[in-house]
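Only one structure is covered here, and it is reproduced in the block below.
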Amino acid sequence: MKTLLASMAAIGAALLLGAGPAHAQQGAALGGTVTSAEEGAMEGVLVSAKKDGSNITVTVVSDAKGQYSFPASRLSPGHYSIKTRAAGYDLEGPKDAEIAAGKATKADVKLKKTRNVAAQLSNTEWVLSLPAQEKDKRFLEGCTGCHTLQRIMRSTYSSEDFQEAIFKRMGLYSPGSTPAHPQPLLPGPRGERPRINPNAAKGAGDLLARVNLSESQTWDFPMKTLPRPKGKATQVIITEYDLARPE
């Protein structure tokens, strides 16, 4: 797992705001244009670079012309893996780049339509996609402190399974547990407590069984994705640091 420690406002304003990636290209270590067959030049695509052996990932965003740029001050010479984030698309290539000292490396990124948009959905996008009223799916906000909603959506539990086993089991763990490192509650005043209000358990179980894979091998509702960044929202630099332990 990663945690996102982003210095978006200060770094974005200092390095890119008012200049744009095309201007920043003059002092770039890595840059190019992001395109796809469906859209041509693509705005708002997150392009990430991670140096071999490093625990730091740096991400920039393509502008209205599809151009992206990593300032030379953010990427030291070396071999980097390249990844992208644009809901509905997968990276076709290139998937790596070599950066030399004092020289700008050009890498024009090509994307292709994904065959599995469900694998790309964030928790927010899953909630937006679920065919239910806002008040009926609001309880899902309490699930994401321990695991992703994709874990629920890919499950095959029935409504009875959720009510009689899963919801009760959830109450045995401390908030902030993870599937890789579950933390049972210790005996004491906190004790076992339901994560789902007993009065709402049946409705919650019915909803989850209706939208997961318990009755079908795929989802029968459209996947909704958030819009990509535009304009000034693309003028940022995001820095992520790997945590020392996977859990």
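The chains in the structure tokens are called A, B, ... from first to last as shown; in each chain the residues are counted from 1, and the ligands are counted from 1 in the order shown.
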What lies within 7 Å of stretch 76-88 of chain A using only C-alpha atoms, ignoring chain neighbours under 4 positions off, as a ChimeraX atom specification?
/A:45-52,95-101,113-114,117,120,225
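Of the listed residues A:Met153, A:Ala119, A:Ala104, A:Ala41, the one whose atoms come nearest to A:Asn212 is A:Met153, with distances taken using only C-alpha atoms.
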Per residue of stretch 53-161 of chain A within 9 Å of stretch 215-219 of chain A, which atom pair is closest and at what distance in Å (one decimal), using only C-alpha atoms, listed by chain and increasing number, as JSON lines?
{"residue": "A:Met153", "atom": "CA", "partner": "A:Trp219", "partner_atom": "CA", "distance": 8.8}
{"residue": "A:Arg154", "atom": "CA", "partner": "A:Thr218", "partner_atom": "CA", "distance": 9.0}
{"residue": "A:Thr156", "atom": "CA", "partner": "A:Glu215", "partner_atom": "CA", "distance": 7.6}
{"residue": "A:Ser158", "atom": "CA", "partner": "A:Glu215", "partner_atom": "CA", "distance": 8.4}
Produce a file of the selected residues containing N, CA and C atoms, as a JSON list (two decimals), in the first residue's frame.
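That gives us part_12.json:
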[["chain", "number", "residue", "atom", "x", "y", "z"],
["A", 153, "MET", "N", -17.46, -5.49, -4.04],
["A", 153, "MET", "CA", -18.13, -5.66, -5.32],
["A", 153, "MET", "C", -17.74, -6.96, -6.02],
["A", 154, "ARG", "N", -16.53, -7.44, -5.77],
["A", 154, "ARG", "CA", -16.08, -8.69, -6.39],
["A", 154, "ARG", "C", -16.45, -9.92, -5.56],
["A", 156, "THR", "N", -18.91, -12.78, -3.61],
["A", 156, "THR", "CA", -20.06, -13.56, -4.06],
["A", 156, "THR", "C", -21.00, -13.89, -2.90],
["A", 158, "SER", "N", -24.17, -13.76, -0.42],
["A", 158, "SER", "CA", -25.60, -13.46, -0.51],
["A", 158, "SER", "C", -25.97, -12.45, 0.57]]
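For the pair atom CA of A:Tyr68 and atom CA of A:Gly31, the interatomic distance is 5.4 Å.
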Long-range neighbours of A:Ala200 as a PyMOL selection string, 12 Å cut-off, only C-alpha atoms, 6 positions minimum in chain:
chain A and resi 135-139+162-163+167+194+206-207
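Checking A:Met170, A:Pro198, A:Lys230, A:Pro222 one by one against A:Met42, counting only C-alpha atoms, you find the shortest gap at A:Lys230.
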Which of stretch 17-236 of chain A counts as strand (DSSP E) under DSSP, as a PyMOL selection string please?
chain A and resi 28-36+40-41+46-51+56-61+67-71+78-85+89-93+96-99+105-106+109-113
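Within 6 Å of stretch 173-190 of chain A, once only C-alpha atoms are used and residues closer than 2 positions along the same chain are dropped, the contacting residues are Gly145, Cys146, Met170, Gly171 and Glu247 of chain A.
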Using the selection just defined, write its residues with C-alpha atoms as a short mmCIF file (atom, residue, chain, number, x, y, z; two decimals), in the first residue's frame.
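For reference, selection38.cif as written:
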data_model
loop_
_atom_site.label_atom_id
_atom_site.label_comp_id
_atom_site.auth_asym_id
_atom_site.auth_seq_id
_atom_site.Cartn_x
_atom_site.Cartn_y
_atom_site.Cartn_z
CA GLY A 145 -11.10 2.72 6.43
CA CYS A 146 -10.17 -0.96 6.33
CA MET A 170 -16.49 -6.89 10.85
CA GLY A 171 -17.37 -5.97 14.42
CA GLU A 247 0.33 -3.35 5.53
#
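Residue nearest A:Asp90, chosen from A:Ile237, A:Ile196, A:Leu172, A:Leu111 and counting only C-alpha atoms: A:Leu111.
For the pair atom CA of A:Thr239 and atom CA of A:Ser129, the interatomic distance is 28.9 Å.
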Give me every helix (DSSP H, G or I) residue in stretch 60-207 of chain A, going by DSSP on the backbone, as number ranges by chain.
A: 117-120, 123-129, 134-142, 149-153, 159-170, 198-207
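For the residues A:Ile56, A:Ala201, A:Ile238, A:Ala233, ranking by smallest atom-to-atom distance to A:Gly44 using only C-alpha atoms places A:Ala233 first.
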Write out as a ChimeraX atom specification which residues come within 8 Å of A:Leu208 when counting only C-alpha atoms, dropping same-chain ones fewer than 3 positions away.
/A:152-153,159,204-205,211-212
Would you export the selected residues with all heavy atoms as a CSV table (one decimal), in the first residue's frame, please?
chain,number,residue,atom,x,y,z
A,152,ILE,N,-15.6,-5.6,-1.9
A,152,ILE,CA,-17.0,-6.0,-1.7
A,152,ILE,C,-17.7,-6.3,-3.0
A,152,ILE,O,-18.4,-7.3,-3.2
A,152,ILE,CB,-17.8,-4.8,-1.0
A,152,ILE,CG1,-17.2,-4.5,0.3
A,152,ILE,CG2,-19.3,-5.2,-0.9
A,152,ILE,CD1,-17.8,-3.3,1.0
A,153,MET,N,-17.5,-5.5,-4.0
A,153,MET,CA,-18.1,-5.7,-5.3
A,153,MET,C,-17.7,-7.0,-6.0
A,153,MET,O,-18.5,-7.5,-6.8
A,153,MET,CB,-17.8,-4.5,-6.2
A,153,MET,CG,-18.3,-3.1,-5.7
A,153,MET,SD,-20.1,-3.2,-5.3
A,153,MET,CE,-20.0,-2.6,-3.7
A,159,SER,N,-27.2,-12.0,0.5
A,159,SER,CA,-27.7,-11.0,1.6
A,159,SER,C,-27.6,-11.7,2.9
A,159,SER,O,-27.2,-11.1,3.9
A,159,SER,CB,-29.1,-10.6,1.3
A,159,SER,OG,-29.6,-9.8,2.3
A,204,ALA,N,-28.9,-3.3,3.9
A,204,ALA,CA,-27.5,-3.2,3.5
A,204,ALA,C,-27.1,-4.5,2.8
A,204,ALA,O,-26.5,-4.5,1.7
A,204,ALA,CB,-26.5,-2.9,4.6
A,205,GLY,N,-27.5,-5.6,3.4
A,205,GLY,CA,-27.2,-6.9,2.8
A,205,GLY,C,-27.8,-7.1,1.5
A,205,GLY,O,-27.2,-7.6,0.5
A,211,VAL,N,-25.6,-5.9,-6.0
A,211,VAL,CA,-24.6,-5.3,-6.9
A,211,VAL,C,-23.2,-6.0,-6.9
A,211,VAL,O,-22.4,-5.7,-7.7
A,211,VAL,CB,-24.3,-3.8,-6.4
A,211,VAL,CG1,-25.6,-3.0,-6.5
A,211,VAL,CG2,-23.7,-3.8,-5.0
A,212,ASN,N,-23.1,-7.1,-6.1
A,212,ASN,CA,-21.8,-7.8,-6.2
A,212,ASN,C,-21.9,-9.0,-7.2
A,212,ASN,O,-22.8,-8.9,-8.1
A,212,ASN,CB,-21.4,-8.4,-4.8
A,212,ASN,CG,-22.3,-9.5,-4.3
A,212,ASN,OD1,-23.2,-9.9,-4.9
A,212,ASN,ND2,-21.9,-10.0,-3.1
If I take atom CA of A:Thr105 and atom CA of A:Pro71, how far is one from the other in Å, to one decimal?
11.1 Å
Identify, on the basis of only C-alpha atoms, every residue whose closest approach to A:Val109 does not exceed 9 Å; exclude the query and any residue fewer than 6 positions from it along the same chain; express the result as a ChimeraX atom specification.
/A:32-36,47,84,91-95
